[in-house]
>>> print(open('model.tsv').read())   # TSV, C-alpha atoms and all ligand atoms
chain	number	residue	atom	x	y	z
A	35	MET	CA	107.39	88.22	114.17
A	36	LYS	CA	107.10	84.71	115.60
A	37	PRO	CA	103.38	83.95	116.06
A	38	THR	CA	102.07	83.99	119.62
A	39	GLU	CA	99.89	80.92	120.24
A	40	LEU	CA	96.81	80.91	122.46
A	41	ILE	CA	93.46	79.20	122.98
A	42	LEU	CA	90.05	80.89	122.75
A	43	TYR	CA	86.96	78.95	123.82
A	44	LYS	CA	84.05	79.43	121.42
A	45	ASP	CA	81.93	80.57	124.38
A	46	HIS	CA	84.17	83.63	124.49
A	47	LEU	CA	84.13	84.42	120.77
A	48	SER	CA	81.03	86.63	120.72
A	49	TYR	CA	82.29	88.69	123.67
A	50	TRP	CA	85.66	89.20	121.97
A	51	LEU	CA	84.07	90.22	118.65
A	52	ARG	CA	81.65	92.54	120.47
A	53	GLN	CA	84.61	94.31	122.12
A	54	LEU	CA	86.38	94.67	118.78
A	55	ARG	CA	83.18	96.04	117.24
A	56	LYS	CA	83.20	98.89	119.73
A	57	GLU	CA	86.28	100.26	117.96
A	58	ARG	CA	85.84	99.06	114.41
A	59	GLU	CA	83.20	98.01	111.93
A	60	LEU	CA	82.94	94.23	112.18
A	61	ILE	CA	82.66	92.40	108.86
A	62	GLY	CA	81.84	88.71	108.95
A	63	PRO	CA	80.37	85.82	106.96
A	64	LEU	CA	76.57	86.03	107.10
A	65	ARG	CA	73.83	84.18	105.28
A	66	GLY	CA	72.62	86.15	102.26
A	67	GLU	CA	69.03	86.28	101.07
A	68	GLU	CA	69.31	82.81	99.56
A	69	THR	CA	71.65	80.30	101.17
A	70	ASP	CA	74.87	81.96	99.99
A	71	ILE	CA	77.39	83.31	102.44
A	72	VAL	CA	78.27	86.99	102.05
A	73	PHE	CA	80.74	89.17	103.93
A	74	LYS	CA	78.79	92.08	105.41
A	75	SER	CA	78.75	94.44	108.33
A	76	VAL	CA	77.63	92.43	111.37
A	77	GLU	CA	74.73	93.79	113.41
A	78	ASN	CA	73.99	90.66	115.41
A	79	ILE	CA	77.13	88.73	116.34
A	80	HIS	CA	75.12	85.50	116.59
A	81	ASP	CA	74.31	85.74	112.87
A	82	ILE	CA	77.97	85.04	112.02
A	83	VAL	CA	78.26	81.67	110.29
A	84	LEU	CA	80.98	79.49	111.80
A	85	ASP	CA	80.41	76.27	109.84
A	86	LEU	CA	81.79	77.73	106.64
A	87	PRO	CA	82.37	76.14	103.25
A	88	ALA	CA	85.94	76.35	101.97
A	89	ILE	CA	85.15	78.72	99.12
A	90	LEU	CA	83.74	82.03	100.31
A	91	PRO	CA	83.41	85.37	98.54
A	92	THR	CA	86.65	87.31	98.40
A	93	VAL	CA	87.10	90.11	100.94
A	94	LYS	CA	89.09	92.12	98.37
A	95	GLU	CA	86.25	94.63	98.05
A	96	PHE	CA	86.83	95.89	101.60
A	97	LEU	CA	90.38	96.93	100.66
A	98	PHE	CA	89.85	97.69	96.98
A	99	PRO	CA	86.12	98.44	96.59
A	100	GLN	CA	84.19	97.58	93.47
A	101	TYR	CA	82.79	101.13	93.43
A	102	GLU	CA	84.86	103.72	95.20
A	103	PRO	CA	83.97	107.43	95.36
A	104	MET	CA	87.30	109.33	95.49
A	105	PHE	CA	86.33	112.98	95.72
A	106	LYS	CA	83.61	115.35	94.63
A	107	TYR	CA	83.98	118.71	92.99
A	108	LEU	CA	81.41	121.39	93.67
A	109	MET	CA	80.68	124.32	91.36
A	110	THR	CA	81.93	126.59	94.18
A	111	ASP	CA	85.43	125.19	93.37
A	112	GLU	CA	85.37	123.22	96.59
A	113	VAL	CA	86.85	119.72	96.49
A	114	VAL	CA	85.57	117.25	99.06
A	115	ASP	CA	87.63	114.16	99.84
A	116	LEU	CA	85.35	111.09	99.81
A	117	ARG	CA	87.97	108.64	101.02
A	118	ASP	CA	86.53	105.81	103.08
A	119	ASN	CA	88.89	105.21	105.99
A	120	THR	CA	86.55	103.15	108.15
A	121	LYS	CA	88.45	101.04	110.66
A	122	ARG	CA	87.45	97.42	110.14
A	123	VAL	CA	88.01	93.98	111.51
A	124	ILE	CA	87.15	91.19	109.09
A	125	PHE	CA	86.34	87.85	110.68
A	126	GLY	CA	86.31	84.52	108.82
A	127	VAL	CA	88.74	85.33	106.01
A	128	ARG	CA	90.23	82.37	104.15
A	129	SER	CA	94.00	81.86	104.23
A	130	CYS	CA	94.29	82.03	100.43
A	131	ASP	CA	92.73	85.50	100.61
A	132	VAL	CA	95.24	86.57	103.26
A	133	THR	CA	98.02	85.48	100.90
A	134	ALA	CA	96.31	87.28	98.02
A	135	LEU	CA	96.29	90.50	100.06
A	136	THR	CA	100.02	90.26	100.68
A	137	LEU	CA	100.42	90.26	96.88
A	138	LEU	CA	97.91	93.08	96.42
A	139	ASP	CA	100.07	95.00	98.91
A	140	LYS	CA	102.97	94.72	96.49
A	141	PHE	CA	100.78	95.86	93.61
A	142	PHE	CA	99.27	98.85	95.41
A	143	LEU	CA	102.07	99.81	97.78
A	144	ASP	CA	105.47	98.94	96.26
A	145	GLY	CA	106.92	102.00	94.56
A	146	TYR	CA	103.98	104.37	94.04
A	147	LYS	CA	101.64	103.98	97.01
A	148	ASP	CA	97.92	104.03	96.36
A	149	PRO	CA	96.74	106.19	99.29
A	150	PHE	CA	93.19	104.84	99.18
A	151	TYR	CA	94.33	101.23	99.47
A	152	GLU	CA	97.10	102.04	101.94
A	153	GLU	CA	94.82	103.75	104.43
A	154	ARG	CA	92.25	100.98	104.40
A	155	ARG	CA	94.89	98.25	104.63
A	156	ASN	CA	96.48	99.93	107.65
A	157	GLU	CA	93.09	100.21	109.32
A	158	THR	CA	91.93	96.64	108.64
A	159	VAL	CA	92.55	93.69	110.95
A	160	LEU	CA	92.07	90.25	109.41
A	161	ILE	CA	90.97	87.27	111.50
A	162	SER	CA	91.37	84.25	109.26
A	163	ILE	CA	90.16	80.70	109.82
A	164	VAL	CA	92.13	77.68	108.61
A	165	CYS	CA	90.07	75.72	106.16
A	166	GLY	CA	89.63	72.19	107.46
A	167	ARG	CA	87.64	70.83	104.51
A	168	PRO	CA	89.04	72.15	101.20
A	169	GLU	CA	86.72	71.76	98.19
A	170	PRO	CA	87.68	69.83	95.03
A	171	GLU	CA	88.20	73.13	93.17
A	172	CYS	CA	90.82	74.43	95.65
A	173	PHE	CA	94.53	74.02	94.95
A	174	CYS	CA	96.08	76.40	97.48
A	175	ALA	CA	97.82	73.58	99.41
A	176	GLY	CA	100.11	72.73	96.49
A	177	LEU	CA	101.01	76.41	96.11
A	178	ASN	CA	101.61	76.95	99.85
A	179	THR	CA	99.14	79.82	99.78
A	180	GLY	CA	96.79	78.02	102.21
A	181	PRO	CA	94.89	76.42	103.83
A	182	TYR	CA	97.22	76.92	106.81
A	183	LEU	CA	99.66	79.84	106.87
A	184	GLU	CA	102.91	80.20	108.76
A	185	LYS	CA	103.07	83.98	108.32
A	186	GLY	CA	101.32	86.93	106.70
A	187	PHE	CA	98.19	86.83	108.89
A	188	ASP	CA	97.08	89.16	111.68
A	189	VAL	CA	95.20	86.51	113.63
A	190	GLN	CA	94.79	82.92	112.39
A	191	LEU	CA	92.24	80.59	114.01
A	192	THR	CA	92.11	76.82	113.74
A	193	ASP	CA	88.76	75.32	114.72
A	194	LEU	CA	89.27	72.59	117.33
A	195	GLY	CA	85.56	71.95	117.99
A	196	ASP	CA	84.79	73.69	121.28
A	197	ARG	CA	87.72	76.13	120.98
A	198	PHE	CA	90.02	77.89	118.54
A	199	PHE	CA	93.78	77.54	118.35
A	200	VAL	CA	94.80	81.18	117.95
A	201	GLN	CA	97.98	82.40	116.27
A	202	VAL	CA	98.83	86.08	116.39
A	203	GLY	CA	101.14	87.14	113.56
A	204	SER	CA	101.27	90.95	113.39
A	205	PRO	CA	101.23	94.02	115.64
A	206	LYS	CA	97.61	94.71	114.56
A	207	GLY	CA	96.67	91.16	115.52
A	208	HIS	CA	98.56	91.47	118.77
A	209	SER	CA	96.59	94.55	119.73
A	210	ALA	CA	93.25	92.89	118.81
A	211	VAL	CA	94.04	89.89	121.01
A	212	MET	CA	96.24	90.99	123.89
A	213	ARG	CA	93.97	93.81	125.08
A	214	PHE	CA	91.50	91.05	125.87
A	215	SER	CA	94.07	88.55	127.07
A	216	PHE	CA	91.78	87.47	129.94
A	217	LEU	CA	89.67	85.67	127.30
A	218	PHE	CA	92.59	83.55	126.10
A	219	ARG	CA	94.78	80.93	127.72
A	220	LYS	CA	98.07	79.29	126.83
A	221	PRO	CA	97.77	76.08	124.78
A	222	TYR	CA	98.33	72.68	126.42
A	223	LYS	CA	99.93	69.66	124.76
A	224	ALA	CA	96.47	68.31	123.80
A	225	ASP	CA	95.66	71.60	122.02
A	226	TYR	CA	98.83	71.33	119.92
A	227	GLU	CA	97.97	67.72	119.07
A	228	ASP	CA	94.43	68.63	118.04
A	229	GLN	CA	95.67	71.53	115.95
A	230	TYR	CA	98.18	69.28	114.20
A	231	GLU	CA	95.40	66.81	113.43
A	232	VAL	CA	93.31	69.53	111.74
A	233	PHE	CA	96.41	70.61	109.82
A	234	LEU	CA	97.08	67.04	108.61
A	235	SER	CA	93.45	66.44	107.71
A	236	SER	CA	93.22	69.62	105.65
A	237	LYS	CA	96.47	68.69	103.89
A	238	ALA	CA	95.14	65.19	103.22
A	239	THR	CA	91.94	66.50	101.64
A	240	SER	CA	93.78	69.08	99.50
A	241	GLN	CA	94.91	66.71	96.81
A	242	LYS	CA	94.55	68.91	93.74
A	243	ARG	CA	97.97	69.93	92.42
A	244	ILE	CA	98.33	72.58	89.74
A	245	SER	CA	101.82	73.76	88.83
A	246	LEU	CA	101.81	77.46	87.99
A	247	GLU	CA	105.59	77.33	87.54
A	248	GLY	CA	105.26	74.42	85.08
A	249	ALA	CA	102.71	76.43	83.07
A	250	ARG	CA	104.93	79.50	83.16
A	251	GLN	CA	107.90	77.53	81.83
A	252	LEU	CA	105.81	76.02	79.02
A	253	ILE	CA	104.64	79.49	77.96
A	254	LEU	CA	108.17	80.89	78.14
A	255	SER	CA	109.46	77.96	76.06
A	256	GLY	CA	107.30	79.18	73.16
A	257	LYS	CA	105.43	75.89	72.91
A	258	VAL	CA	102.04	77.47	73.60
A	259	LYS	CA	100.92	78.94	70.28
A	260	ASP	CA	98.19	81.50	69.66
A	261	ASP	CA	95.93	78.74	68.29
A	262	PHE	CA	95.72	77.44	71.86
A	263	TRP	CA	94.47	80.80	73.14
A	264	ARG	CA	92.04	81.03	70.20
A	265	MET	CA	90.62	77.62	71.08
A	266	ILE	CA	90.31	78.57	74.77
A	267	SER	CA	88.76	81.99	74.18
A	268	ASP	CA	86.22	80.75	71.60
A	269	LYS	CA	83.89	79.81	74.42
A	270	CYS	CA	84.32	82.95	76.53
A	271	PHE	CA	81.30	85.22	76.48
A	272	GLU	CA	82.99	87.95	78.48
A	273	CYS	CA	80.77	87.85	81.53
A	274	GLY	CA	83.71	88.93	83.73
A	275	GLY	CA	82.85	86.36	86.41
A	276	CYS	CA	86.41	85.06	86.66
A	277	VAL	CA	87.86	88.55	87.01
A	278	TYR	CA	85.38	89.79	89.60
A	279	GLN	CA	85.73	86.65	91.73
A	280	CYS	CA	89.53	86.54	91.62
A	281	PRO	CA	91.19	87.95	94.76
A	282	LEU	CA	94.18	89.02	92.67
A	283	CYS	CA	92.61	90.86	89.75
A	284	THR	CA	93.33	94.57	90.03
A	285	CYS	CA	92.05	96.18	86.82
A	286	PHE	CA	90.14	99.37	87.45
A	287	THR	CA	88.94	102.43	85.61
A	288	VAL	CA	88.34	105.97	86.84
A	289	THR	CA	85.41	108.04	85.67
A	290	ASP	CA	83.53	111.22	86.54
A	291	ARG	CA	79.81	111.16	87.31
A	292	VAL	CA	77.71	114.29	87.23
A	293	PHE	CA	74.91	114.81	89.75
A	294	GLY	CA	73.45	118.27	89.04
A	295	ASP	CA	76.06	120.75	90.28
A	296	ILE	CA	78.30	118.08	91.71
A	297	ILE	CA	80.91	116.06	89.86
A	298	GLU	CA	82.03	112.91	91.59
A	299	ARG	CA	85.15	111.00	90.62
A	300	VAL	CA	84.86	107.26	91.19
A	301	ARG	CA	87.10	104.27	90.79
A	302	LEU	CA	85.44	101.07	89.54
A	303	TRP	CA	86.60	97.53	88.98
A	304	ASP	CA	87.20	96.85	85.31
A	305	ALA	CA	88.20	93.68	83.49
A	306	CYS	CA	91.03	93.23	81.02
A	307	LEU	CA	88.88	90.56	79.35
A	308	PHE	CA	86.45	93.24	78.21
A	309	LYS	CA	86.87	94.54	74.69
A	310	GLY	CA	86.87	98.22	75.65
A	311	PHE	CA	89.39	97.90	78.47
A	312	THR	CA	92.33	99.31	76.48
A	313	ARG	CA	90.33	101.47	74.08
A	314	LEU	CA	92.47	104.40	72.92
A	315	ALA	CA	91.50	107.90	71.85
A	316	GLY	CA	89.90	107.70	68.42
A	317	GLY	CA	88.27	104.38	69.33
A	318	ILE	CA	91.23	102.13	68.47
A	319	LEU	CA	91.07	98.74	70.22
A	320	PRO	CA	94.57	97.22	70.49
A	321	ASN	CA	93.23	93.88	71.69
A	322	GLU	CA	90.10	93.66	69.62
A	323	GLU	CA	90.38	89.92	69.07
A	324	ARG	CA	89.11	88.06	72.12
A	325	TYR	CA	91.93	85.51	72.16
A	326	LEU	CA	94.44	88.31	72.80
A	327	ARG	CA	92.54	89.35	75.91
A	328	THR	CA	92.24	85.80	77.24
A	329	LYS	CA	95.94	85.30	76.57
A	330	ARG	CA	96.76	88.52	78.39
A	331	TRP	CA	94.75	87.44	81.49
A	332	PHE	CA	96.77	84.23	81.79
A	333	TYR	CA	100.05	85.95	80.91
A	334	HIS	CA	99.32	88.54	83.55
A	335	LYS	CA	98.94	85.89	86.22
A	336	LEU	CA	101.68	83.49	85.09
A	337	ILE	CA	104.31	85.76	83.50
A	338	TYR	CA	103.93	89.48	84.28
A	339	TYR	CA	102.92	89.18	87.95
A	340	PRO	CA	105.91	86.95	88.87
A	341	ASP	CA	108.26	89.18	86.85
A	342	ALA	CA	107.05	92.39	88.46
A	343	LEU	CA	105.98	91.32	91.95
A	344	ASN	CA	107.83	88.08	92.56
A	345	GLY	CA	104.64	86.05	93.05
A	346	PHE	CA	102.03	84.41	90.83
A	347	GLY	CA	98.74	86.19	90.25
A	348	CYS	CA	96.89	83.14	91.50
A	349	VAL	CA	96.56	81.65	94.98
A	350	GLY	CA	94.57	78.57	93.97
A	351	CYS	CA	91.30	79.66	95.57
A	352	GLY	CA	89.28	77.82	92.92
A	353	ARG	CA	86.74	80.64	92.51
A	354	CYS	CA	87.27	80.96	88.75
A	355	THR	CA	86.55	77.23	88.43
A	356	ILE	CA	83.16	77.80	90.02
A	357	ALA	CA	82.50	81.13	88.29
A	358	CYS	CA	83.29	80.25	84.69
A	359	PRO	CA	80.40	78.52	82.94
A	360	THR	CA	82.66	77.35	80.12
A	361	LYS	CA	85.68	76.04	82.04
A	362	ILE	CA	88.15	78.79	81.16
A	363	ASP	CA	89.54	78.75	84.66
A	364	MET	CA	93.13	78.61	85.87
A	365	ALA	CA	93.17	74.90	86.74
A	366	SER	CA	91.40	73.70	83.57
A	367	VAL	CA	93.45	75.91	81.26
A	368	ILE	CA	96.76	74.80	82.78
A	369	THR	CA	95.72	71.16	82.44
A	370	ARG	CA	94.82	71.69	78.77
A	371	LEU	CA	97.92	73.79	78.18
A	372	LYS	CA	100.13	70.91	79.33
A	373	VAL	CA	98.36	68.41	77.07
A	374	THR	CA	98.49	70.76	74.06
A	375	ALA	CA	102.08	71.98	74.53
A	376	GLY	CA	103.25	68.48	75.48
A	377	SER	CA	101.84	67.02	72.26
A	378	GLU	CA	103.76	69.65	70.27
A	379	GLY	CA	106.99	68.14	71.62
A	401	LIG	S1	93.06	82.71	88.98
A	401	LIG	FE1	91.28	81.55	89.73
A	401	LIG	S2	92.11	80.08	91.22
A	401	LIG	FE2	93.68	81.64	90.87
A	401	LIG	S3	93.36	83.15	92.50
A	401	LIG	FE3	92.21	83.88	90.71
A	401	LIG	S4	90.13	83.04	90.96
A	401	LIG	FE4	91.49	81.93	92.39
A	402	LIG	S1	84.10	83.54	83.64
A	402	LIG	FE1	84.61	82.36	81.77
A	402	LIG	S2	83.12	83.07	80.24
A	402	LIG	FE2	83.14	84.62	81.91
A	402	LIG	S3	84.70	86.14	81.27
A	402	LIG	FE3	85.76	84.65	82.57
A	402	LIG	S4	86.60	83.18	81.05
A	402	LIG	FE4	85.00	84.31	79.96
>>> encode(input="model.tsv", output="structure tokens")
Amino acid sequence: MKPTELILYKDHLSYWLRQLRKERELIGPLRGEETDIVFKSVENIHDIVLDLPAILPTVKEFLFPQYEPMFKYLMTDEVVDLRDNTKRVIFGVRSCDVTALTLLDKFFLDGYKDPFYEERRNETVLISIVCGRPEPECFCAGLNTGPYLEKGFDVQLTDLGDRFFVQVGSPKGHSAVMRFSFLFRKPYKADYEDQYEVFLSSKATSQKRISLEGARQLILSGKVKDDFWRMISDKCFECGGCVYQCPLCTCFTVTDRVFGDIIERVRLWDACLFKGFTRLAGGILPNEERYLRTKRWFYHKLIYYPDALNGFGCVGCGRCTIACPTKIDMASVITRLKVTAGSEG
């Protein structure tokens, strides 16, 4: 659908969010115990942080939770569905995360549909904010996965100082906005000009260019040998930071937990970088050597994801650059991969 464009004055934001919160849990960026921003359920609308840094925590956990009770089994043979189908509106999402969710949709919903993910996705409205000041670690602009999207969003806001330029891009977004249409007005020429200025300025500050396609072609050409992955993985101490921060990592495991007479089945995030991830019956570890697991993580994002889902498993959010203490992040590895493979002729 062609986005509907409107203006919302910031004076009206809290009223709008309060109305939405009457129907749905409102999740927004709040200050954590230290100075970090965290996405949490909003009790006081005025606690929502509007002056946000470019790199925020991923909102993936609200669609694909880190710890997800699925059902519990009672000794009376009764099975209780524990599915969380809370209706939510998430305010302050970054554009790269919106793009990431469109790819997670393909992973969880194309072919076999994951009912847990599907229900939450259908019941979640995303209000994203264009990032006006990308950080040096971000490279979404070169991938067209942000900081400004032309489609894929429910509601996209561009901060124009005293007001937001609002773009409505889906039926869910339409419902969240148009039921309160008295809060919005049509944009004037000056609004379009101001919005274009923010767009240009965010493009101008997003200078980092990382070619995922170039890296993919180098790997497919056979020029990237296993020695490269050994060298890269030597420094990995398997903390899982990159995996847990990445909006596109989808590894999970399912386990049963026993609480007295109750058995609960839960789904938990896992990490393909962990040694036990593919442990087989009998204790066999097919990818026991660490370099094979590091190689698989990058192959997954650069080779398997595009082959299977027609999109890279990276949106250039830069979180792995911040998370990894030893620089085994997407941008650094691609840069080193080009130097290494290039020198091999
Ligand atoms: S691989 Fe790194 S830069 Fe790419 S989406 Fe994941 S965390 Fe972000
Ligand atoms: S963040 Fe770095 S050190 Fe930690 S698991 Fe990922 S690659 Fe290894």
>>> closest_residue(input="model.tsv", among="A:Glu272, A:Arg219, A:Asn321, A:Asp139", to="Gly186 in chain A", atoms="all atoms listed in the file")
A:Asp139
>>> atom_distance(input="model.tsv", atom1="CA of Asp144 in chain A", atom2="CA of Gly347 in chain A")
15.6 Å
>>> closest_atom_pairs(input="model.tsv", of="chain A", to="ligand LIG 402 (chain A)", cutoff="7 Å", atoms="only C-alpha atoms and all ligand atoms", output="JSON lines")
{"residue": "A:Lys269", "atom": "CA", "partner": "A:LIG402", "partner_atom": "S2", "distance": 6.7}
{"residue": "A:Cys270", "atom": "CA", "partner": "A:LIG402", "partner_atom": "FE4", "distance": 3.8}
{"residue": "A:Phe271", "atom": "CA", "partner": "A:LIG402", "partner_atom": "S2", "distance": 4.7}
{"residue": "A:Glu272", "atom": "CA", "partner": "A:LIG402", "partner_atom": "S3", "distance": 3.7}
{"residue": "A:Cys273", "atom": "CA", "partner": "A:LIG402", "partner_atom": "FE2", "distance": 4.0}
{"residue": "A:Gly274", "atom": "CA", "partner": "A:LIG402", "partner_atom": "S3", "distance": 3.8}
{"residue": "A:Gly275", "atom": "CA", "partner": "A:LIG402", "partner_atom": "S1", "distance": 4.1}
{"residue": "A:Cys276", "atom": "CA", "partner": "A:LIG402", "partner_atom": "S1", "distance": 4.1}
{"residue": "A:Val277", "atom": "CA", "partner": "A:LIG402", "partner_atom": "FE3", "distance": 6.3}
{"residue": "A:Leu307", "atom": "CA", "partner": "A:LIG402", "partner_atom": "S3", "distance": 6.4}
{"residue": "A:Cys354", "atom": "CA", "partner": "A:LIG402", "partner_atom": "S1", "distance": 6.5}
{"residue": "A:Ala357", "atom": "CA", "partner": "A:LIG402", "partner_atom": "S1", "distance": 5.5}
{"residue": "A:Cys358", "atom": "CA", "partner": "A:LIG402", "partner_atom": "S1", "distance": 3.5}
{"residue": "A:Pro359", "atom": "CA", "partner": "A:LIG402", "partner_atom": "FE1", "distance": 5.8}
{"residue": "A:Thr360", "atom": "CA", "partner": "A:LIG402", "partner_atom": "FE1", "distance": 5.6}
{"residue": "A:Lys361", "atom": "CA", "partner": "A:LIG402", "partner_atom": "FE1", "distance": 6.4}
{"residue": "A:Ile362", "atom": "CA", "partner": "A:LIG402", "partner_atom": "S4", "distance": 4.7}
{"residue": "A:Asp363", "atom": "CA", "partner": "A:LIG402", "partner_atom": "S4", "distance": 6.4}
>>> residues_around(input="model.tsv", residues="Arg155 in chain A", least_positions_apart="5", cutoff="9 Å", atoms="only C-alpha atoms", output="list of chain:residue names")
A:Phe96, A:Leu97, A:Asp139, A:Phe150
>>> atom_distance(input="model.tsv", atom1="CA of Pro149 in chain A", atom2="CA of Asn119 in chain A")
10.4 Å
>>> closest_residue(input="model.tsv", among="A:Ile41, A:Val113, A:Ile163, A:Leu90", to="ligand LIG 401 (chain A)", atoms="only C-alpha atoms and all ligand atoms")
A:Leu90
>>> residues_near_ligand(input="model.tsv", ligand="ligand LIG 401 (chain A)", cutoff="7 Å", atoms="only C-alpha atoms and all ligand atoms", output="PyMOL selection string")
chain A and resi 276+279-282+347-355+363-365
>>> residues_around(input="model.tsv", residues="Lys335 in chain A", least_positions_apart="2", cutoff="12 Å", atoms="only C-alpha atoms", output="PyMOL selection string")
chain A and resi 137+246-247+249-250+253+277+280-284+306+328-333+337-350+363-364+368
>>> write_last_selection(input="model.tsv", atoms="C-alpha atoms", output="mmCIF file, in the coordinates of the input")
data_model
loop_
_atom_site.group_PDB
_atom_site.id
_atom_site.type_symbol
_atom_site.label_atom_id
_atom_site.label_comp_id
_atom_site.auth_asym_id
_atom_site.auth_seq_id
_atom_site.Cartn_x
_atom_site.Cartn_y
_atom_site.Cartn_z
ATOM 1 C CA LEU A 137 100.420 90.260 96.880
ATOM 2 C CA LEU A 246 101.810 77.460 87.990
ATOM 3 C CA GLU A 247 105.590 77.330 87.540
ATOM 4 C CA ALA A 249 102.710 76.430 83.070
ATOM 5 C CA ARG A 250 104.930 79.500 83.160
ATOM 6 C CA ILE A 253 104.640 79.490 77.960
ATOM 7 C CA VAL A 277 87.860 88.550 87.010
ATOM 8 C CA CYS A 280 89.530 86.540 91.620
ATOM 9 C CA PRO A 281 91.190 87.950 94.760
ATOM 10 C CA LEU A 282 94.180 89.020 92.670
ATOM 11 C CA CYS A 283 92.610 90.860 89.750
ATOM 12 C CA THR A 284 93.330 94.570 90.030
ATOM 13 C CA CYS A 306 91.030 93.230 81.020
ATOM 14 C CA THR A 328 92.240 85.800 77.240
ATOM 15 C CA LYS A 329 95.940 85.300 76.570
ATOM 16 C CA ARG A 330 96.760 88.520 78.390
ATOM 17 C CA TRP A 331 94.750 87.440 81.490
ATOM 18 C CA PHE A 332 96.770 84.230 81.790
ATOM 19 C CA TYR A 333 100.050 85.950 80.910
ATOM 20 C CA ILE A 337 104.310 85.760 83.500
ATOM 21 C CA TYR A 338 103.930 89.480 84.280
ATOM 22 C CA TYR A 339 102.920 89.180 87.950
ATOM 23 C CA PRO A 340 105.910 86.950 88.870
ATOM 24 C CA ASP A 341 108.260 89.180 86.850
ATOM 25 C CA ALA A 342 107.050 92.390 88.460
ATOM 26 C CA LEU A 343 105.980 91.320 91.950
ATOM 27 C CA ASN A 344 107.830 88.080 92.560
ATOM 28 C CA GLY A 345 104.640 86.050 93.050
ATOM 29 C CA PHE A 346 102.030 84.410 90.830
ATOM 30 C CA GLY A 347 98.740 86.190 90.250
ATOM 31 C CA CYS A 348 96.890 83.140 91.500
ATOM 32 C CA VAL A 349 96.560 81.650 94.980
ATOM 33 C CA GLY A 350 94.570 78.570 93.970
ATOM 34 C CA ASP A 363 89.540 78.750 84.660
ATOM 35 C CA MET A 364 93.130 78.610 85.870
ATOM 36 C CA ILE A 368 96.760 74.800 82.780
#
>>> atom_distance(input="model.tsv", atom1="CA of Ala305 in chain A", atom2="CA of Lys257 in chain A")
26.9 Å
>>> residues_around(input="model.tsv", residues="Phe218 in chain A", least_positions_apart="5", cutoff="8 Å", atoms="all atoms listed in the file", output="list in words")
Leu40, Ile41, Leu42 and Tyr43 of chain A
>>> closest_residue(input="model.tsv", among="A:Cys172, A:Val300, A:Val127, A:Leu254", to="Leu191 in chain A", atoms="all atoms listed in the file")
A:Val127
>>> residues_around(input="model.tsv", residues="Phe125 in chain A", least_positions_apart="3", cutoff="7 Å", atoms="only C-alpha atoms", output="JSON, numbers by chain")
{"A": [61, 62, 160, 161, 162]}
>>> closest_residue(input="model.tsv", among="A:Glu39, A:Glu298, A:Asp131, A:Asp290", to="Thr179 in chain A", atoms="all atoms listed in the file")
A:Asp131
>>> residues_near_point(input="model.tsv", point="(92.6, 89.6, 125.8)", cutoff="12 Å", atoms="all atoms listed in the file", output="NGL selection string")
:A and (40-42 or 46-47 or 49-51 or 53-54 or 200 or 202 or 207-220)
>>> write_last_selection(input="model.tsv", atoms="C-alpha atoms", output="short mmCIF file (atom, residue, chain, number, x, y, z; two decimals), in the frame of the given file")
data_model
loop_
_atom_site.label_atom_id
_atom_site.label_comp_id
_atom_site.auth_asym_id
_atom_site.auth_seq_id
_atom_site.Cartn_x
_atom_site.Cartn_y
_atom_site.Cartn_z
CA LEU A 40 96.81 80.91 122.46
CA ILE A 41 93.46 79.20 122.98
CA LEU A 42 90.05 80.89 122.75
CA HIS A 46 84.17 83.63 124.49
CA LEU A 47 84.13 84.42 120.77
CA TYR A 49 82.29 88.69 123.67
CA TRP A 50 85.66 89.20 121.97
CA LEU A 51 84.07 90.22 118.65
CA GLN A 53 84.61 94.31 122.12
CA LEU A 54 86.38 94.67 118.78
CA VAL A 200 94.80 81.18 117.95
CA VAL A 202 98.83 86.08 116.39
CA GLY A 207 96.67 91.16 115.52
CA HIS A 208 98.56 91.47 118.77
CA SER A 209 96.59 94.55 119.73
CA ALA A 210 93.25 92.89 118.81
CA VAL A 211 94.04 89.89 121.01
CA MET A 212 96.24 90.99 123.89
CA ARG A 213 93.97 93.81 125.08
CA PHE A 214 91.50 91.05 125.87
CA SER A 215 94.07 88.55 127.07
CA PHE A 216 91.78 87.47 129.94
CA LEU A 217 89.67 85.67 127.30
CA PHE A 218 92.59 83.55 126.10
CA ARG A 219 94.78 80.93 127.72
CA LYS A 220 98.07 79.29 126.83
#
>>> closest_atom_pairs(input="model.tsv", of="range 77-181 of chain A", to="range 63-72 of chain A", cutoff="12 Å", atoms="only C-alpha atoms", output="tab-separated table")
residue	atom	partner	partner_atom	distance
A:Glu77	CA	A:Leu64	CA	10.2
A:Asn78	CA	A:Leu64	CA	9.9
A:Ile79	CA	A:Leu64	CA	9.6
A:His80	CA	A:Leu64	CA	9.6
A:Asp81	CA	A:Leu64	CA	6.2
A:Ile82	CA	A:Leu64	CA	5.2
A:Val83	CA	A:Leu64	CA	5.7
A:Leu84	CA	A:Pro63	CA	8.0
A:Asp85	CA	A:Pro63	CA	10.0
A:Leu86	CA	A:Pro63	CA	8.2
A:Pro87	CA	A:Ile71	CA	8.8
A:Ala88	CA	A:Ile71	CA	11.0
A:Ile89	CA	A:Ile71	CA	9.6
A:Leu90	CA	A:Ile71	CA	6.8
A:Pro91	CA	A:Val72	CA	6.4
A:Thr92	CA	A:Val72	CA	9.1
A:Val93	CA	A:Val72	CA	9.4
A:Glu95	CA	A:Val72	CA	11.7
A:Ile124	CA	A:Pro63	CA	8.9
A:Phe125	CA	A:Pro63	CA	7.3
A:Gly126	CA	A:Pro63	CA	6.4
A:Val127	CA	A:Pro63	CA	8.4
A:Arg128	CA	A:Pro63	CA	10.8
A:Ile161	CA	A:Pro63	CA	11.6
A:Ser162	CA	A:Pro63	CA	11.3
A:Ile163	CA	A:Pro63	CA	11.4
